[in-house]
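Scroll down for the structure; my scribbles are underneath it.
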Amino acid sequence: MTAAGASFCTNDGWFQPITRREAAWLVVGSLAFALVFSYPILGDLAYLGPGVSGWITAGPVFSHLTRLPVNGDWDMFTDLRWVAYQTTTHFLQFPFWNPYKCGGMPMLGNPEAVVATPFLLLDMATGPIAGLYLQIILHMALGFAGGYVLARVMGLGAMAGLILASVFLSTSWLYLQLSMGNLTLSLPIAYWPWMLALFFVGINRRKIAPLAVGGIMLALTATEGNYTFVYAVIMIGVLSLMIALTQRSIWPVFAAIVLVVFGAAVGAIKLLPVADTLALYPRGGWAGPEADTLSMIPTFLFSRNQDLYREIPGLVLFACYGAYVSPAFALLAVCGLLTGRIKTLPWLVAAIVFLLLSRGNSGPYCALMLLRRLPLCGNIAFPTRFICAFVFAGGVIAAYGADFVCRSAERWGPRATGALLIIGLSDAWLVGPPNLRYLFHYTGPTVQHASQFRQFWSDDTQVMTEYNQANLGAVHCWGYGTYTPTTVVGYNQANYSGEYYLVGPGQVTQTEWTPNQLRYHVSATAPTELIVNQNYFPGWRVERGVGDLASRGGLLAVRLPAGSQDITLGFRPKHLAVAVTLTLLGLVATMLLWKKGY
């Protein structure tokens, strides 16, 4: 038996026995799934609450696609997306620094930012609004196709592949997260099945190249997300250990190490800047992870009331808990447990691990509190988000159950499994996707555009996108950076002194303003100090002129000698050269391994 329980060993392609015709149908089917399950984005929000009866007959509202969502954390992520788009297309700079948020902070080093991704090119080509909806659809299609491919790589039939993909992508968890705007948590899960499929190919073929490409998939969960990278590493670790034990071979563990090393190398372009930022300003403000009893899990998984604003005493917003699984799919998972034996054991253990993590702070030595002791994991505060990985593992077990039914009864087996697939998908569509109507729960304010960039204070922290689009920085902000101390002052506050000024004799004129680079002409009869109304952060440097960078009460400052000069300040993240080198080396090594067939 191979590591994944697969029955093929062909050498003419990684994803055999998938034929070209099957692959073509998979592309069409995946896009169809994504379009159908994202359709409620066009739903009329006149009716609030679960179900479809109050809005489905009203017809689609296509005007939704002409504006950005406004609900929950959406502003936090549309703001970051717009800044990245504006920096690359208007200023022709890579978004290293974000002057628009919290008085200025690193962009590449922000764990919530999505800039090191090929999908940034899509935004640049179509604009941030169209790019957003295209990315949602494409990620859903990518995840669905990956689920199917993973099942086929494990030697399962086509019907089992559809079951795995459907369980994974139809769970309400995805649509609850999207309804709140948690893009870095929801969209990168699309890479999980592809990463695992390549992992199993690497084990079965005893080749490094598939593992390296799987590392790229892992890296994308980091460059496009945050927690999803941690979830993926845990999944790979658990599966590799269990497969190694069942096969009595060290190769699966070695394969997992290779994949993770390549993932860390390719993802270094974000991982290193984020590590530097978090080391200087750890994310704070969390009271600590909660504890959830096992008796609550059935409600999260099987209650058909998965509405975003459902109220449960003692719990915060329901988006952090729901992960609906249709009983039709659950029935196949039970069948998989009863018939899968050794083949399903790694997935069963993975499901148990993620279930224990989703329980939260149940004791000082519980799974979650042990995980929080690891680097970059200390701020995990919503443990029930792990339940998505639990559902994913359960989907694989359901696929084994579907395959058993299809193979055991050649006549009625495929028909019974197909009926359960249709029932499960229909049921799931009625429960989870209607939450996508909440993308447009609110309407953002109209802000007059400023001719020159200025910092601005607003009492409302969740209108950053609108103010940033008006060329105003949001001093009072939301998301990562909220708890970072700042002395930046908005122009509408009493003690505002300007976006730049001298402390001492002389005159200063700003000759150029861009996100990553600032230029000034200074004339001073004595030594003076230039103050910029942005946060000081390691990585700022004097690129032209004579002066010493410093922090003056947390603001960016430059001590200047007497005289007249042009001075240019630029920002580059610390260890950027190392990060870019590691990423390029990882990509080049992957291409060489692929070309050589290793």
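Labels used: A, B, ... for chains in the order of the structure tokens, numbers from 1 for residues in each chain, and numbers from 1 for ligands as shown.
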Discussion item. Need the shell around A:His449: protein/DNA/RNA residues with any atom at most 12 Å away, counting only C-alpha atoms. Skip same-chain ones fewer than 6 positions apart. Format as number ranges by chain?
Written reply: A: 466-473
Worksheet item: Hey, what's within 6 Å of A:Tyr400 if we count only C-alpha atoms and toss same-chain stuff fewer than 3 positions away? As a ChimeraX atom specification, please?
Response: /A:336,397,403
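Atom to atom, atom CA of A:Lys574 and atom CA of A:Met107 stand 12.5 Å apart.
Considering only C-alpha atoms, the residue among A:Phe37, A:Trp594, A:Trp97, A:Trp194 positioned nearest to A:Val149 is A:Trp194.
Distances to A:Ala333 were evaluated for A:Trp55, A:Tyr500, A:Trp347, A:Tyr598 using only C-alpha atoms, and the minimum falls at A:Trp347.
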